[in-house]
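Enquirer: Data: target15.txt, compact mmCIF, C-alpha atoms.
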```
# COMPACT_ATOMS: atom_id res chain seq x y z
CA MET A 10 -36.52 -14.30 -13.58
CA GLU A 11 -34.36 -16.62 -11.53
CA THR A 12 -30.80 -15.53 -11.24
CA ASN A 13 -27.97 -17.95 -10.88
CA GLY A 14 -25.33 -17.14 -8.33
CA LEU A 15 -21.79 -17.46 -9.62
CA THR A 16 -18.74 -18.93 -7.94
CA MET A 17 -15.77 -16.78 -8.86
CA ILE A 18 -12.07 -17.24 -8.14
CA PHE A 19 -9.33 -14.64 -8.25
CA THR A 20 -6.01 -16.42 -8.05
CA GLY A 21 -2.38 -16.08 -9.19
CA ASN A 22 0.66 -14.31 -7.80
CA GLY A 23 -0.19 -10.79 -8.99
CA LYS A 24 -1.86 -7.90 -7.21
CA GLY A 25 -5.58 -7.39 -7.45
CA LYS A 26 -7.15 -10.55 -6.02
CA THR A 27 -8.50 -9.17 -2.76
CA THR A 28 -8.90 -5.77 -4.42
CA SER A 29 -11.13 -7.27 -7.11
CA ALA A 30 -13.24 -8.95 -4.46
CA LEU A 31 -13.55 -5.58 -2.76
CA GLY A 32 -14.66 -4.02 -6.05
CA LEU A 33 -17.33 -6.69 -6.45
CA ALA A 34 -18.54 -5.98 -2.92
CA PHE A 35 -18.76 -2.28 -3.78
CA ARG A 36 -20.82 -3.13 -6.87
CA ALA A 37 -23.13 -5.54 -5.08
CA LEU A 38 -23.69 -3.12 -2.19
CA GLY A 39 -24.77 -0.52 -4.74
CA HIS A 40 -27.58 -2.87 -5.68
CA GLY A 41 -28.58 -3.06 -2.05
CA PHE A 42 -27.41 -6.67 -1.77
CA PRO A 43 -26.37 -7.94 1.66
CA VAL A 44 -22.69 -8.84 1.49
CA CYS A 45 -20.52 -10.90 3.83
CA ILE A 46 -16.74 -10.78 3.76
CA ILE A 47 -14.87 -13.48 5.62
CA GLN A 48 -11.16 -12.99 5.97
CA PHE A 49 -9.18 -16.17 6.52
CA ILE A 50 -5.77 -14.59 6.80
CA LYS A 51 -5.06 -11.84 9.22
CA GLY A 52 -4.20 -8.52 7.68
CA SER A 53 -5.25 -9.16 4.10
CA TRP A 54 -7.87 -6.43 4.58
CA LYS A 55 -6.53 -3.14 5.75
CA TYR A 56 -7.41 0.14 7.34
CA GLY A 57 -8.69 1.74 4.12
CA GLU A 58 -11.36 -0.80 3.33
CA LEU A 59 -12.37 -1.25 6.94
CA GLU A 60 -13.06 2.48 7.16
CA SER A 61 -14.95 2.50 3.86
CA ALA A 62 -16.94 -0.52 4.98
CA LYS A 63 -18.38 1.59 7.78
CA ARG A 64 -20.41 3.51 5.21
CA PHE A 65 -22.21 0.26 4.40
CA GLU A 66 -22.95 -0.95 7.90
CA ASP A 67 -26.56 -1.58 6.89
CA LEU A 68 -25.57 -4.15 4.28
CA LEU A 69 -22.05 -5.37 4.91
CA ASP A 70 -20.89 -7.98 7.44
CA PHE A 71 -17.17 -8.15 7.86
CA HIS A 72 -15.54 -11.03 9.73
CA VAL A 73 -11.92 -11.54 10.56
CA MET A 74 -11.66 -15.15 11.60
CA GLY A 75 -10.28 -15.88 15.04
CA LYS A 76 -6.93 -14.28 15.28
CA GLY A 77 -6.60 -15.00 11.60
CA PHE A 78 -3.72 -17.06 10.37
CA THR A 79 -0.38 -15.50 10.25
CA TRP A 80 1.44 -18.66 9.14
CA LYS A 81 4.04 -17.79 11.66
CA SER A 82 2.68 -19.97 14.43
CA GLU A 83 4.90 -22.73 15.66
CA ASN A 84 1.87 -24.64 16.79
CA LEU A 85 0.49 -26.44 13.75
CA GLU A 86 -2.35 -28.04 15.67
CA GLU A 87 -3.58 -24.67 16.82
CA ASP A 88 -3.42 -23.37 13.25
CA ILE A 89 -5.46 -26.28 11.97
CA LYS A 90 -8.01 -25.78 14.73
CA ALA A 91 -8.36 -22.08 13.87
CA ALA A 92 -8.66 -22.90 10.17
CA ARG A 93 -11.39 -25.45 10.83
CA GLU A 94 -13.34 -23.04 13.00
CA ALA A 95 -13.05 -20.35 10.35
CA TRP A 96 -14.28 -22.72 7.69
CA GLU A 97 -17.19 -23.85 9.85
CA PHE A 98 -18.25 -20.25 10.29
CA ALA A 99 -18.01 -19.65 6.52
CA SER A 100 -19.90 -22.85 5.84
CA LYS A 101 -22.76 -21.81 8.13
CA THR A 102 -22.85 -18.36 6.56
CA ILE A 103 -23.15 -19.82 3.07
CA LEU A 104 -25.86 -22.30 3.99
CA ALA A 105 -27.83 -19.70 5.98
CA GLY A 106 -28.41 -17.82 2.72
CA LYS A 107 -28.77 -14.41 4.30
CA HIS A 108 -26.31 -12.75 1.89
CA ARG A 109 -26.32 -12.34 -1.85
CA LEU A 110 -22.54 -12.18 -2.03
CA VAL A 111 -20.11 -14.03 0.22
CA ILE A 112 -16.40 -13.32 -0.14
CA LEU A 113 -14.02 -16.00 1.15
CA ASP A 114 -10.82 -14.03 1.19
CA GLU A 115 -7.66 -16.18 1.02
CA LEU A 116 -9.63 -19.40 1.34
CA THR A 117 -7.30 -21.20 -1.08
CA TYR A 118 -4.62 -21.51 1.58
CA LEU A 119 -6.79 -23.76 3.72
CA ILE A 120 -6.71 -26.38 0.99
CA GLN A 121 -3.12 -25.71 0.00
CA TYR A 122 -1.87 -26.28 3.53
CA ASP A 123 -4.12 -29.30 4.16
CA MET A 124 -6.03 -27.50 6.88
CA VAL A 125 -9.45 -28.36 5.46
CA PRO A 126 -10.05 -31.04 2.81
CA GLU A 127 -11.00 -29.68 -0.62
CA GLU A 128 -13.92 -32.11 -0.81
CA GLU A 129 -15.45 -30.68 2.36
CA ILE A 130 -15.34 -27.15 0.92
CA LEU A 131 -16.75 -28.27 -2.42
CA ALA A 132 -19.61 -30.06 -0.66
CA VAL A 133 -20.71 -26.77 0.91
CA LEU A 134 -20.29 -24.79 -2.30
CA ARG A 135 -22.50 -27.31 -4.11
CA GLN A 136 -25.27 -26.62 -1.57
CA LYS A 137 -25.08 -22.83 -1.68
CA PRO A 138 -28.38 -21.01 -2.24
CA GLN A 139 -29.08 -20.55 -5.92
CA GLU A 140 -29.01 -16.76 -5.88
CA MET A 141 -25.83 -16.44 -3.84
CA HIS A 142 -22.58 -15.36 -5.44
CA VAL A 143 -19.39 -16.64 -3.84
CA VAL A 144 -15.97 -15.13 -4.42
CA ILE A 145 -12.81 -17.00 -3.44
CA THR A 146 -9.42 -15.33 -3.46
CA GLY A 147 -5.89 -16.54 -2.88
CA ARG A 148 -2.84 -17.90 -4.61
CA GLY A 149 -2.72 -21.42 -5.94
CA ALA A 150 -6.42 -22.25 -6.21
CA SER A 151 -6.76 -26.01 -6.22
CA GLN A 152 -7.88 -27.85 -9.33
CA GLY A 153 -11.13 -28.92 -7.69
CA LEU A 154 -12.04 -25.30 -6.92
CA VAL A 155 -11.16 -24.23 -10.46
CA ASP A 156 -13.26 -27.03 -11.91
CA PHE A 157 -16.21 -26.07 -9.75
CA ALA A 158 -16.05 -22.31 -10.33
CA ASP A 159 -17.94 -20.46 -13.03
CA LEU A 160 -15.33 -17.75 -13.44
CA VAL A 161 -11.61 -17.95 -12.76
CA THR A 162 -9.21 -15.10 -13.31
CA GLU A 163 -5.49 -15.43 -12.78
CA MET A 164 -3.64 -12.29 -11.77
CA THR A 165 -0.06 -12.35 -13.01
CA GLU A 166 2.52 -9.94 -11.74
CA ILE A 167 4.30 -8.38 -14.65
CA LYS A 168 5.98 -5.62 -12.71
CA HIS A 169 5.92 -4.76 -9.03
CA PRO A 170 7.02 -1.56 -7.28
CA TYR A 171 9.08 -3.46 -4.70
CA GLN A 172 11.31 -4.51 -7.58
CA LYS A 173 12.05 -0.82 -7.96
CA GLY A 174 12.64 -0.38 -4.24
CA ILE A 175 9.44 1.58 -3.61
CA LYS A 176 7.78 1.09 -0.23
CA ALA A 177 4.15 0.08 0.29
CA GLN A 178 1.89 3.11 -0.10
CA LYS A 179 -0.89 4.16 2.25
CA GLY A 180 -4.31 4.13 0.62
CA ILE A 181 -3.18 1.76 -2.09
CA GLU A 182 -1.71 -1.29 -0.47
CA PHE A 183 -3.14 -0.84 3.01
CA MET B 29 7.49 11.49 5.30
CA GLU B 30 7.09 12.01 1.58
CA THR B 31 5.03 9.40 -0.14
CA ASN B 32 5.55 8.45 -3.73
CA GLY B 33 2.50 8.06 -5.87
CA LEU B 34 2.41 4.88 -7.93
CA THR B 35 1.32 4.37 -11.50
CA MET B 36 -0.50 1.07 -11.70
CA ILE B 37 -1.87 -0.83 -14.68
CA PHE B 38 -4.47 -3.58 -14.72
CA THR B 39 -4.45 -5.14 -18.16
CA GLY B 40 -5.13 -8.48 -19.90
CA ASN B 41 -8.24 -10.18 -21.22
CA GLY B 42 -9.57 -11.48 -17.90
CA LYS B 43 -12.17 -10.10 -15.55
CA GLY B 44 -11.16 -7.88 -12.68
CA LYS B 45 -9.44 -4.88 -14.25
CA THR B 46 -12.08 -2.23 -13.63
CA THR B 47 -13.17 -4.12 -10.52
CA SER B 48 -9.65 -3.91 -9.08
CA ALA B 49 -9.56 -0.19 -9.76
CA LEU B 50 -12.86 0.10 -7.95
CA GLY B 51 -11.41 -1.81 -5.01
CA LEU B 52 -8.45 0.57 -4.86
CA ALA B 53 -10.86 3.51 -4.88
CA PHE B 54 -12.74 1.93 -1.98
CA ARG B 55 -9.49 1.53 -0.06
CA ALA B 56 -8.25 5.07 -0.77
CA LEU B 57 -11.63 6.59 0.14
CA GLY B 58 -11.38 4.83 3.47
CA HIS B 59 -8.24 6.85 4.11
CA GLY B 60 -10.17 10.01 3.34
CA PHE B 61 -8.27 10.52 0.08
CA PRO B 62 -10.02 12.48 -2.69
CA VAL B 63 -10.47 10.15 -5.65
CA CYS B 64 -11.31 10.87 -9.28
CA ILE B 65 -12.57 8.20 -11.65
CA ILE B 66 -12.59 8.99 -15.35
CA GLN B 67 -14.36 6.53 -17.57
CA PHE B 68 -13.19 6.55 -21.18
CA ILE B 69 -15.54 3.90 -22.47
CA LYS B 70 -19.25 4.16 -22.04
CA GLY B 71 -20.77 1.54 -19.83
CA SER B 72 -17.64 0.11 -18.26
CA TRP B 73 -18.96 1.34 -14.88
CA LYS B 74 -22.37 0.16 -14.02
CA TYR B 75 -25.38 0.80 -11.86
CA GLY B 76 -23.96 -0.96 -8.80
CA GLU B 77 -20.83 1.13 -8.42
CA LEU B 78 -22.58 4.34 -9.36
CA GLU B 79 -25.04 3.79 -6.52
CA SER B 80 -22.27 2.88 -4.07
CA ALA B 81 -20.30 5.92 -5.16
CA LYS B 82 -23.12 8.10 -3.80
CA ARG B 83 -22.06 7.16 -0.30
CA PHE B 84 -18.74 8.88 -0.98
CA GLU B 85 -19.97 12.10 -2.57
CA ASP B 86 -17.71 14.08 -0.24
CA LEU B 87 -14.58 12.48 -1.66
CA LEU B 88 -15.29 10.88 -5.01
CA ASP B 89 -15.55 12.58 -8.41
CA PHE B 90 -16.93 10.37 -11.11
CA HIS B 91 -16.73 11.40 -14.76
CA VAL B 92 -18.10 9.64 -17.78
CA MET B 93 -16.41 11.27 -20.72
CA GLY B 94 -18.65 12.84 -23.36
CA LYS B 95 -20.98 10.20 -24.60
CA GLY B 96 -18.19 7.75 -23.98
CA PHE B 97 -16.88 5.63 -26.78
CA THR B 98 -18.93 2.77 -27.90
CA TRP B 99 -16.61 1.80 -30.78
CA LYS B 100 -19.71 1.39 -32.85
CA SER B 101 -19.58 4.83 -34.39
CA GLU B 102 -19.22 5.00 -38.11
CA ASN B 103 -17.70 8.42 -37.78
CA LEU B 104 -14.04 7.94 -36.94
CA GLU B 105 -13.32 11.65 -36.84
CA GLU B 106 -15.98 12.18 -34.20
CA ASP B 107 -14.57 9.32 -32.15
CA ILE B 108 -11.08 10.79 -32.29
CA LYS B 109 -12.41 14.20 -31.28
CA ALA B 110 -14.25 12.70 -28.29
CA ALA B 111 -11.16 10.71 -27.30
CA ARG B 112 -8.98 13.81 -27.44
CA GLU B 113 -11.42 15.82 -25.35
CA ALA B 114 -11.61 13.03 -22.80
CA TRP B 115 -7.83 12.85 -22.58
CA GLU B 116 -7.53 16.62 -22.22
CA PHE B 117 -9.92 16.50 -19.28
CA ALA B 118 -7.94 13.68 -17.70
CA SER B 119 -4.70 15.50 -18.31
CA LYS B 120 -5.99 18.65 -16.59
CA THR B 121 -7.28 16.58 -13.67
CA ILE B 122 -3.88 14.94 -13.19
CA LEU B 123 -1.93 18.17 -13.39
CA ALA B 124 -4.37 20.01 -11.09
CA GLY B 125 -3.31 17.66 -8.29
CA LYS B 126 -6.57 17.89 -6.37
CA HIS B 127 -6.90 14.11 -5.99
CA ARG B 128 -4.72 11.50 -4.36
CA LEU B 129 -5.93 8.76 -6.69
CA VAL B 130 -6.94 9.18 -10.32
CA ILE B 131 -8.39 6.18 -12.14
CA LEU B 132 -8.18 6.25 -15.94
CA ASP B 133 -10.59 3.48 -16.75
CA GLU B 134 -10.05 1.88 -20.18
CA LEU B 135 -7.43 4.44 -21.16
CA THR B 136 -5.37 1.82 -23.00
CA TYR B 137 -7.78 1.85 -25.92
CA LEU B 138 -6.94 5.45 -26.76
CA ILE B 139 -3.40 4.41 -27.57
CA GLN B 140 -4.36 1.10 -29.13
CA TYR B 141 -6.71 2.77 -31.59
CA ASP B 142 -4.33 5.64 -32.34
CA MET B 143 -6.73 8.18 -30.88
CA VAL B 144 -4.11 9.86 -28.68
CA PRO B 145 -0.34 9.36 -29.10
CA GLU B 146 1.28 7.32 -26.35
CA GLU B 147 4.01 9.94 -25.96
CA GLU B 148 1.45 12.63 -25.16
CA ILE B 149 -0.02 10.49 -22.39
CA LEU B 150 3.39 9.60 -20.99
CA ALA B 151 4.38 13.26 -20.94
CA VAL B 152 1.46 14.03 -18.61
CA LEU B 153 2.08 10.99 -16.41
CA ARG B 154 5.71 12.11 -15.98
CA GLN B 155 4.46 15.44 -14.62
CA LYS B 156 1.90 14.05 -12.19
CA PRO B 157 2.09 15.38 -8.63
CA GLN B 158 4.44 13.27 -6.54
CA GLU B 159 1.82 12.07 -4.06
CA MET B 160 -0.78 11.14 -6.69
CA HIS B 161 -1.51 7.53 -7.52
CA VAL B 162 -2.72 6.81 -11.05
CA VAL B 163 -4.49 3.63 -12.08
CA ILE B 164 -4.89 2.71 -15.74
CA THR B 165 -7.11 -0.13 -16.85
CA GLY B 166 -7.83 -1.77 -20.18
CA ARG B 167 -6.75 -4.58 -22.45
CA GLY B 168 -3.52 -4.43 -24.40
CA ALA B 169 -1.58 -1.83 -22.40
CA SER B 170 1.10 -0.41 -24.69
CA GLN B 171 4.78 -1.14 -24.03
CA GLY B 172 5.48 2.49 -23.20
CA LEU B 173 2.79 2.48 -20.49
CA VAL B 174 4.09 -0.79 -19.07
CA ASP B 175 7.65 0.55 -19.03
CA PHE B 176 6.54 3.69 -17.24
CA ALA B 177 4.31 2.01 -14.63
CA ASP B 178 5.44 0.93 -11.19
CA LEU B 179 3.04 -1.97 -10.95
CA VAL B 180 1.51 -3.99 -13.79
CA THR B 181 -0.88 -6.87 -13.27
CA GLU B 182 -2.20 -8.95 -16.13
CA MET B 183 -5.61 -10.53 -15.64
CA THR B 184 -5.91 -13.77 -17.57
CA GLU B 185 -9.22 -15.43 -18.14
CA ILE B 186 -8.97 -19.07 -17.23
CA LYS B 187 -12.66 -19.78 -17.19
CA HIS B 188 -15.64 -17.58 -17.93
CA PRO B 189 -19.32 -18.15 -17.15
CA TYR B 190 -20.40 -17.25 -20.69
CA GLN B 191 -18.53 -20.35 -21.82
CA LYS B 192 -21.01 -22.27 -19.72
CA GLY B 193 -23.97 -20.36 -21.15
CA ILE B 194 -24.65 -18.36 -17.98
CA LYS B 195 -25.99 -14.84 -18.44
CA ALA B 196 -24.45 -11.70 -16.91
CA GLN B 197 -25.52 -11.38 -13.28
CA LYS B 198 -26.88 -8.25 -11.60
CA GLY B 199 -24.68 -7.02 -8.79
CA ILE B 200 -21.64 -8.81 -10.13
CA GLU B 201 -21.12 -7.77 -13.70
CA PHE B 202 -23.27 -4.63 -13.69
```
Can I see the file as structure tokens?

Expert:
Amino acid sequence: METNGLTMIFTGNGKGKTTSALGLAFRALGHGFPVCIIQFIKGSWKYGELESAKRFEDLLDFHVMGKGFTWKSENLEEDIKAAREAWEFASKTILAGKHRLVILDELTYLIQYDMVPEEEILAVLRQKPQEMHVVITGRGASQGLVDFADLVTEMTEIKHPYQKGIKAQKGIEF
Amino acid sequence: METNGLTMIFTGNGKGKTTSALGLAFRALGHGFPVCIIQFIKGSWKYGELESAKRFEDLLDFHVMGKGFTWKSENLEEDIKAAREAWEFASKTILAGKHRLVILDELTYLIQYDMVPEEEILAVLRQKPQEMHVVITGRGASQGLVDFADLVTEMTEIKHPYQKGIKAQKGIEF
């Protein structure tokens, strides 16, 4: 039986976008599927998952792009260059078809900040190998991405611990 | 430094609730934290994560309660009995304090279907060890749970592959 790879988006302002992608990786790895995680923004993946990832070295490729964006650079041209290089790497990874699941963590920002044109990203997604699942995370997924995707979940923050003055907790948020 | 354990809820009708909990487990395990996952509904955790979990046997306890609910039973009394037993196990696990993260997967249904009183569950959550994080997943989290929790994310389904006639995919949904 042929299986159809899905394009999935986790968006919205709430917690759980990157965490959901991580959960999907965990599930796919359990099936013995090769998984590639590409992180477009520096620091969105933390110590905890990087350590856990080591137990799946046989199946999991983990890439932090360039220095990653921090959105704090004062050099816009440099940011755009880094974003383009990151996208080119992701694009090659998708078209190479070596993985069954490719996670594009925080990709949405590249479109949102006009770093890479939406149409260029959609063109690659349309050519992805049939069996490959692609997961895109990040706030403010563009309409074109939403239209293209098979599954879109919006995470809405109803209540957040920082509102109560609680600090970020080791093992949960990093 | 003392750390404060958080109570987190992933609720709503969208995908990503159990998957987010799984991602948090992955992160916490990477820190070497003992994790306990208690599954209240049969089949909400699938082959993929069960296989991946084997790579963390030193840290991860995984419990499927009784036969698990299927909500297809015609014997309501038996269902209530199973739900109560499951909750009592969870309650003991929380109070024992052996784990740094306890995931109560699909717990919300126990309250929703009047299997276990909300107040009884809240009473245990109030007594949880200070450093322990608790994650509750499931649709329709009750107001009392939401009020108690530190972090609540609602997953909203914007688009689902079944709407497009695509079947559930191995490695992603199971």

Enquirer: In terms of the shortest atom-to-atom distance over all atoms listed in the file, which of B:Ala118, B:Ile108, B:Ala53, B:Met36 is closest to Leu87 of chain B?

Expert: B:Ala53

Enquirer: Taking only C-alpha atoms into account and nothing else, which residues of chain B lie no more than 6 Å away from chain A? Please answer as an MDAnalysis selection string.

Expert: chainID B and resid 42 44 47:48 50:51 55:56 58:59 76:77 79:80 178:189 199

Enquirer: Mind listing whatever residues come within 8 Å of the point (4.8, 4.2, -21.7)? Use only C-alpha atoms, file coordinates, and give them as a ChimeraX atom specification.

Expert: /B:146-147,149-150,170-177

Enquirer: Rounded to one decimal, what separation in Å do you get between atom CA of Gln140 of chain B and atom CA of Leu104 of chain B?

Expert: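 Going from atom CA of Gln140 of chain B over to atom CA of Leu104 of chain B, I get 14.2 Å.
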
Enquirer: In terms of the shortest atom-to-atom distance over all atoms listed in the file, which of B:Ile69, B:Val63, B:Ala169, B:Ile139 is closest to Glu85 of chain B?

Expert: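 When distances to Glu85 of chain B are compared using all atoms listed in the file, the smallest one comes from B:Val63.
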
Enquirer: Tell me which protein, DNA and RNA residues are within 10 Å of Ile122 of chain B, counting only C-alpha atoms, leaving out same-chain ones fewer than 6 positions away, and put them as a VMD selection string.

Expert: chain B and resid 64 116 128 to 131 152 to 153 155 to 157 160 to 162

Enquirer: Any chance you could export the current selection's C-alpha atoms as a short mmCIF file (atom, residue, chain, number, x, y, z; two decimals), keeping the file's coordinate frame?

Expert:
```cif
data_model
loop_
_atom_site.label_atom_id
_atom_site.label_comp_id
_atom_site.auth_asym_id
_atom_site.auth_seq_id
_atom_site.Cartn_x
_atom_site.Cartn_y
_atom_site.Cartn_z
CA CYS B 64 -11.31 10.87 -9.28
CA GLU B 116 -7.53 16.62 -22.22
CA ARG B 128 -4.72 11.50 -4.36
CA LEU B 129 -5.93 8.76 -6.69
CA VAL B 130 -6.94 9.18 -10.32
CA ILE B 131 -8.39 6.18 -12.14
CA VAL B 152 1.46 14.03 -18.61
CA LEU B 153 2.08 10.99 -16.41
CA GLN B 155 4.46 15.44 -14.62
CA LYS B 156 1.90 14.05 -12.19
CA PRO B 157 2.09 15.38 -8.63
CA MET B 160 -0.78 11.14 -6.69
CA HIS B 161 -1.51 7.53 -7.52
CA VAL B 162 -2.72 6.81 -11.05
#
```

Enquirer: For atom CA of Tyr118 of chain A and atom CA of Val163 of chain B, determine how far apart the two atoms are, in Å to one decimal place.

Expert: 28.6 Å

Enquirer: Between atom CA of Leu104 of chain A and atom CA of Ala132 of chain A, what is the distance, to one decimal in Å?

Expert: 11.0 Å
